[in-house]
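**Student:** Attaching a single structure in structure tokens format; questions to follow.
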Amino acid sequence: MNAPAKPVFRFAPSPNGELHLGHAYSALLNDRLAEAVGGRLLLRIEDIDVTRCTPEFEAAILRDLGWLGIRWEEPVRRQSEHFGEYETLLRRLIDAELVYPAFMSRGEIRAHIAEAETKGLRWPRDPDGAPLYPGADKELSKAKRRRRIADGEPFAWRLDTEAALARLPAPLSWREFTGETLAETQEVEARPQDWGDVVIARREIPTSYHLSVVADDALQDITHVVRGRDLYFATSIQRLLQNLLGLPEPNYFHHRLVLGPDGRKLSKSLGDSGLAALREQGVSPAEIRQMIGL
Ligand code: GLU
């Protein structure tokens with residue numbers, strides 16, 4: 001008989017800036033939990049945004065994580081090396097008519113929403129506060145879509161969220177651990193409709209954050225997605241994609257965020273909470289753990 005598979009955790013930073021205390025918390029928590037349950041820890045570099053991600057930031061991430069004492073399994077998965085795999089999944093969504101080419105530019109979206117709001121209607125916003133995509137191009141005929149694409153018009157592939165939800169056999173939910181001991185989970189209702197028609201891929205990049213994250217969580221057999229609270233609501237979209245693509249369902253734990261002295265979420269431009277800057281000031285890895293309460 002095969003031994004039961006080990007739990008698999010991942011830390012998945014984007015190399016578009018330097019790691020800060022918030023990343024240190026997430027990476028150290030993944031490391032600690034993987035160790036506590038006899039699991040594996042994988043590192044994934046989420047660099048699909050080839051304009052903002054750089055090899056220098058990636059090298060700095062590896063250096064910072066090594067300095068913190070985190071050990072991950074090799075090889076590291078670098079998303080920019082797997083566009084073909086994401087494209088295969090995208091193709092399935094296109095063939096199933098679950099995504100459509102969305103041609104509205106930012107300016108057109110803004111004008112559309114402003115116009116609707118002059119009529120006293122408050123346009124719906126997503127959980128991050130951004131207005132939902134108007135979705136008018138869902139009505140375009142196939143011939144029109146083909147012509148506009150052939151003409152070289154910019155577009156993004158967007159999920160037809162309503163159509164996707166209508167195909168599900170049962171209401172959608174996910175399992176969220178109730179605490180850091182990972183002893184229990186609770187079922188959380190997924191509400192992809194709150195995000196509207198999200199971008200699944202771009203004309204020039206055959207993927208998006210949501211598509212590549214569900215692809216890789218499946219390909220890497222991730223059983224435990226441990227990440228910040230800021231991605232809690234994004235789980236709704238990811239569960240929908242997992243369902244549509246027949247991918248397995250990991251368990252989730254969305255941990256607390258490390259906040260700056262002003263009580264706000266840390267950002268990549270906050271120099272003094274950057275790990276490299278702290279190291280240069282002589283702060284030790286043990287002191288980093290203390291600073292973030294681990
Ligand atoms: N790459 C994402 C980030 O750096 C994390 C994705 C995830 O953990 O699902 O915010």
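Letters A, B, ... go to the chains of the structure tokens in the order shown; residues in each chain start at 1; ligands are counted from 1 in the same order.
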For ligand 1, collect every residue having any atom at a distance of at most 8 Å from a ligand atom (counting only C-alpha atoms and all ligand atoms); output as a list in words.
**Tutor:**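 Here is the list of contacting residues: Arg10, Phe11, Ala12, Pro13, Ser14, Pro15, Ile45, Glu46, Tyr209, Val213, Val225, Val226, Arg227, Gly228 and Leu231 of chain A.
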**Student:** Can you tell me, as a list in words, what residues are no more than 9 Å from stretch 134-149 of chain A when counting only C-alpha atoms, ignoring any on the same chain fewer than 6 positions away?
**Tutor:** Tyr100, Pro101, Ala102, Phe103, Met104, Ile109, His112, Ile113, Phe155, Arg158, Asp160, Gly196 and Asp197 of chain A
**Student:** Tell me, counting only C-alpha atoms, for each residue of stretch 66-91 of chain A within 10 Å of stretch 199-202 of chain A, which pair of atoms is nearest and how far apart they are in Å to one decimal, in rows ordered by chain and increasing number, as JSON lines.
**Tutor:**
{"residue": "A:Tyr86", "atom": "CA", "partner": "A:Ala201", "partner_atom": "CA", "distance": 9.1}
{"residue": "A:Glu87", "atom": "CA", "partner": "A:Ala201", "partner_atom": "CA", "distance": 8.7}
{"residue": "A:Leu90", "atom": "CA", "partner": "A:Ala201", "partner_atom": "CA", "distance": 7.5}
**Student:** Using only C-alpha atoms, find the one residue out of A:Asn243, A:Ala234, A:Pro7, A:Ala183 that sits nearest to A:Pro169.
**Tutor:**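 Of A:Asn243, A:Ala234, A:Pro7, A:Ala183, the one nearest A:Pro169, counting only C-alpha atoms, is A:Asn243.
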**Student:** Would you list the contacts of A:Arg77 as a list in words, taking every protein, DNA or RNA residue within 7 Å and counting only C-alpha atoms, but skipping same-chain residues closer than 2 positions in sequence?
**Tutor:**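 Surrounding residues, per the criterion: Leu43, Arg44, Ile45, Pro75 and Gln79 of chain A.
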**Student:** Rank nothing, just name the residue among A:Trp195, A:Phe9, A:Trp123, A:Trp67 nearest to A:Leu275, using only C-alpha atoms.
**Tutor:** A:Trp67
**Student:** Any idea what the distance is between atom CA of A:Arg106 and atom CA of A:Pro131?
**Tutor:**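 Distance reported for this atom pair: 11.0 Å.
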**Student:** Would you kindly return, as an mmCIF file with N, CA and C atoms, in the first residue's frame, each protein, DNA or RNA residue with an atom no farther than 8 Å from any atom of A:Val258, considering only C-alpha atoms and excluding same-chain residues fewer than 6 positions away?
**Tutor:**
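What follows is the written file result-v9.cif:
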data_model
loop_
_atom_site.group_PDB
_atom_site.id
_atom_site.type_symbol
_atom_site.label_atom_id
_atom_site.label_comp_id
_atom_site.auth_asym_id
_atom_site.auth_seq_id
_atom_site.Cartn_x
_atom_site.Cartn_y
_atom_site.Cartn_z
ATOM 1 N N LEU A 21 8.330 42.640 5.955
ATOM 2 C CA LEU A 21 7.971 41.841 7.136
ATOM 3 C C LEU A 21 6.720 40.999 6.905
ATOM 4 N N GLY A 22 5.806 41.490 6.083
ATOM 5 C CA GLY A 22 4.596 40.721 5.781
ATOM 6 C C GLY A 22 4.920 39.427 5.046
ATOM 7 N N TYR A 25 6.509 36.983 7.473
ATOM 8 C CA TYR A 25 5.501 36.298 8.284
ATOM 9 C C TYR A 25 4.900 35.132 7.508
ATOM 10 N N LYS A 265 -1.600 48.207 5.637
ATOM 11 C CA LYS A 265 -0.923 47.055 5.061
ATOM 12 C C LYS A 265 0.444 47.488 4.529
ATOM 13 N N LEU A 266 1.468 46.653 4.683
ATOM 14 C CA LEU A 266 2.794 47.036 4.177
ATOM 15 C C LEU A 266 2.793 46.982 2.646
ATOM 16 N N ILE A 292 7.495 40.120 14.238
ATOM 17 C CA ILE A 292 6.227 39.735 13.614
ATOM 18 C C ILE A 292 5.442 38.760 14.468
#
**Student:** With only C-alpha atoms counted and 12 Å as the cut-off, give the residues of stretch 178-224 of chain A in contact with stretch 245-251 of chain A, each with its shortest interatomic distance in Å and the pair that gives it, as a tab-separated table.
**Tutor:**
residue	atom	partner	partner_atom	distance
A:Thr178	CA	A:Asn251	CA	11.0
A:Leu182	CA	A:Asn251	CA	9.7
A:Ala183	CA	A:Asn251	CA	11.7
A:Glu184	CA	A:Asn251	CA	10.4
A:Thr185	CA	A:Asn251	CA	8.0
A:Gln186	CA	A:Asn251	CA	9.9
A:Glu187	CA	A:Asn251	CA	10.0
A:Val188	CA	A:Asn251	CA	11.1
A:Leu211	CA	A:Leu245	CA	10.1
A:Val213	CA	A:Leu247	CA	11.5
A:Val214	CA	A:Leu247	CA	7.8
A:Ala215	CA	A:Leu247	CA	7.9
A:Asp216	CA	A:Leu247	CA	10.2
A:Asp217	CA	A:Pro250	CA	7.9
A:Ala218	CA	A:Leu247	CA	6.1
A:Leu219	CA	A:Leu247	CA	9.0
A:Gln220	CA	A:Pro248	CA	10.9
A:Asp221	CA	A:Pro248	CA	8.3
A:Ile222	CA	A:Pro250	CA	6.4
A:Thr223	CA	A:Pro250	CA	4.5
A:His224	CA	A:Asn251	CA	5.1
**Student:** Any idea what the distance is between atom CA of A:Val283 and atom CA of A:Ala34?
**Tutor:**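 Taking atom CA of A:Val283 and atom CA of A:Ala34, their separation equals 25.5 Å.
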**Student:** Mind checking which residues fall within 7 Å of stretch 55-63 of chain A, counting only C-alpha atoms, ignoring those fewer than 5 positions away in the same chain, and posting them as a PyMOL selection string?
**Tutor:** chain A and resi 15-19
**Student:** Deliver the residues from the most recent selection as a file, using all heavy atoms, as an mmCIF file, in the first residue's frame.
**Tutor:**
data_model
loop_
_atom_site.group_PDB
_atom_site.id
_atom_site.type_symbol
_atom_site.label_atom_id
_atom_site.label_comp_id
_atom_site.auth_asym_id
_atom_site.auth_seq_id
_atom_site.Cartn_x
_atom_site.Cartn_y
_atom_site.Cartn_z
ATOM 1 N N PRO A 15 8.160 38.531 -7.835
ATOM 2 C CA PRO A 15 9.414 39.305 -7.815
ATOM 3 C C PRO A 15 9.267 40.675 -8.480
ATOM 4 O O PRO A 15 9.972 40.992 -9.417
ATOM 5 C CB PRO A 15 10.396 38.400 -8.555
ATOM 6 C CG PRO A 15 9.537 37.633 -9.505
ATOM 7 C CD PRO A 15 8.186 37.467 -8.857
ATOM 8 N N ASN A 16 8.322 41.466 -7.949
ATOM 9 C CA ASN A 16 8.138 42.818 -8.493
ATOM 10 C C ASN A 16 8.480 43.862 -7.434
ATOM 11 O O ASN A 16 8.086 45.017 -7.528
ATOM 12 C CB ASN A 16 6.705 43.001 -9.017
ATOM 13 C CG ASN A 16 5.671 42.710 -7.951
ATOM 14 O OD1 ASN A 16 6.024 42.547 -6.777
ATOM 15 N ND2 ASN A 16 4.417 42.637 -8.323
ATOM 16 N N GLY A 17 9.197 43.434 -6.426
ATOM 17 C CA GLY A 17 9.626 44.343 -5.365
ATOM 18 C C GLY A 17 10.353 43.530 -4.324
ATOM 19 O O GLY A 17 10.537 42.318 -4.497
ATOM 20 N N GLU A 18 10.766 44.224 -3.239
ATOM 21 C CA GLU A 18 11.523 43.514 -2.207
ATOM 22 C C GLU A 18 10.598 42.902 -1.169
ATOM 23 O O GLU A 18 9.508 43.412 -0.939
ATOM 24 C CB GLU A 18 12.471 44.499 -1.531
ATOM 25 C CG GLU A 18 13.620 44.879 -2.439
ATOM 26 C CD GLU A 18 14.505 45.949 -1.808
ATOM 27 O OE1 GLU A 18 14.536 46.019 -0.560
ATOM 28 O OE2 GLU A 18 15.128 46.692 -2.569
ATOM 29 N N LEU A 19 11.061 41.840 -0.546
ATOM 30 C CA LEU A 19 10.254 41.230 0.515
ATOM 31 C C LEU A 19 10.277 42.114 1.754
ATOM 32 O O LEU A 19 11.298 42.709 2.090
ATOM 33 C CB LEU A 19 10.804 39.844 0.885
ATOM 34 C CG LEU A 19 10.749 38.755 -0.178
ATOM 35 C CD1 LEU A 19 11.059 37.392 0.459
ATOM 36 C CD2 LEU A 19 9.404 38.701 -0.887
#
**Student:** For each of A:Asp194, A:Glu280, A:Glu115, A:Glu97, take the minimum atom-to-atom distance to A:Gly129, counting only C-alpha atoms, then give the residue where this is smallest.
**Tutor:**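 Going through A:Asp194, A:Glu280, A:Glu115, A:Glu97 one by one, the smallest distance to A:Gly129 is for A:Asp194.
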**Student:** In Å, with one decimal, what is the gap from atom CA of A:His255 to atom CA of A:Arg229?
**Tutor:**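 Calculated distance between atom CA of A:His255 and atom CA of A:Arg229 is 5.5 Å.
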**Student:** Extract the full set of helix (DSSP H, G or I) residues from stretch 94-221 of chain A according to DSSP on the backbone, and format it as a PyMOL selection string.
**Tutor:** chain A and resi 94-95+106-118+136-139+142-150+161-166+192-195+209-219
**Student:** Would you mind telling me which residue in A:Thr181, A:Gln193, A:Ser105, A:Ser26 lies nearest to A:Leu165 when using only C-alpha atoms?
**Tutor:**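 Closest residue, counting only C-alpha atoms: A:Gln193.
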**Student:** For a quick check of understanding, using only C-alpha atoms, which of A:Arg122, A:Ser212, A:Ala286, A:Asp230 has the smallest distance to A:Glu81?
**Tutor:**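 Of A:Arg122, A:Ser212, A:Ala286, A:Asp230, the one nearest A:Glu81 is A:Ser212, counting only C-alpha atoms.
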**Student:** Give the strand (DSSP E or B) residues of stretch 67-185 of chain A, as assigned by DSSP on the backbone, as a PyMOL selection string.
**Tutor:** chain A and resi 73-78+99-102+125+131+156-159+173-177+185
**Student:** Tell me which of A:Gly282, A:Arg203, A:Ser173, A:Pro261 sits closest to A:Gln238, counting only C-alpha atoms.
**Tutor:** A:Ser173
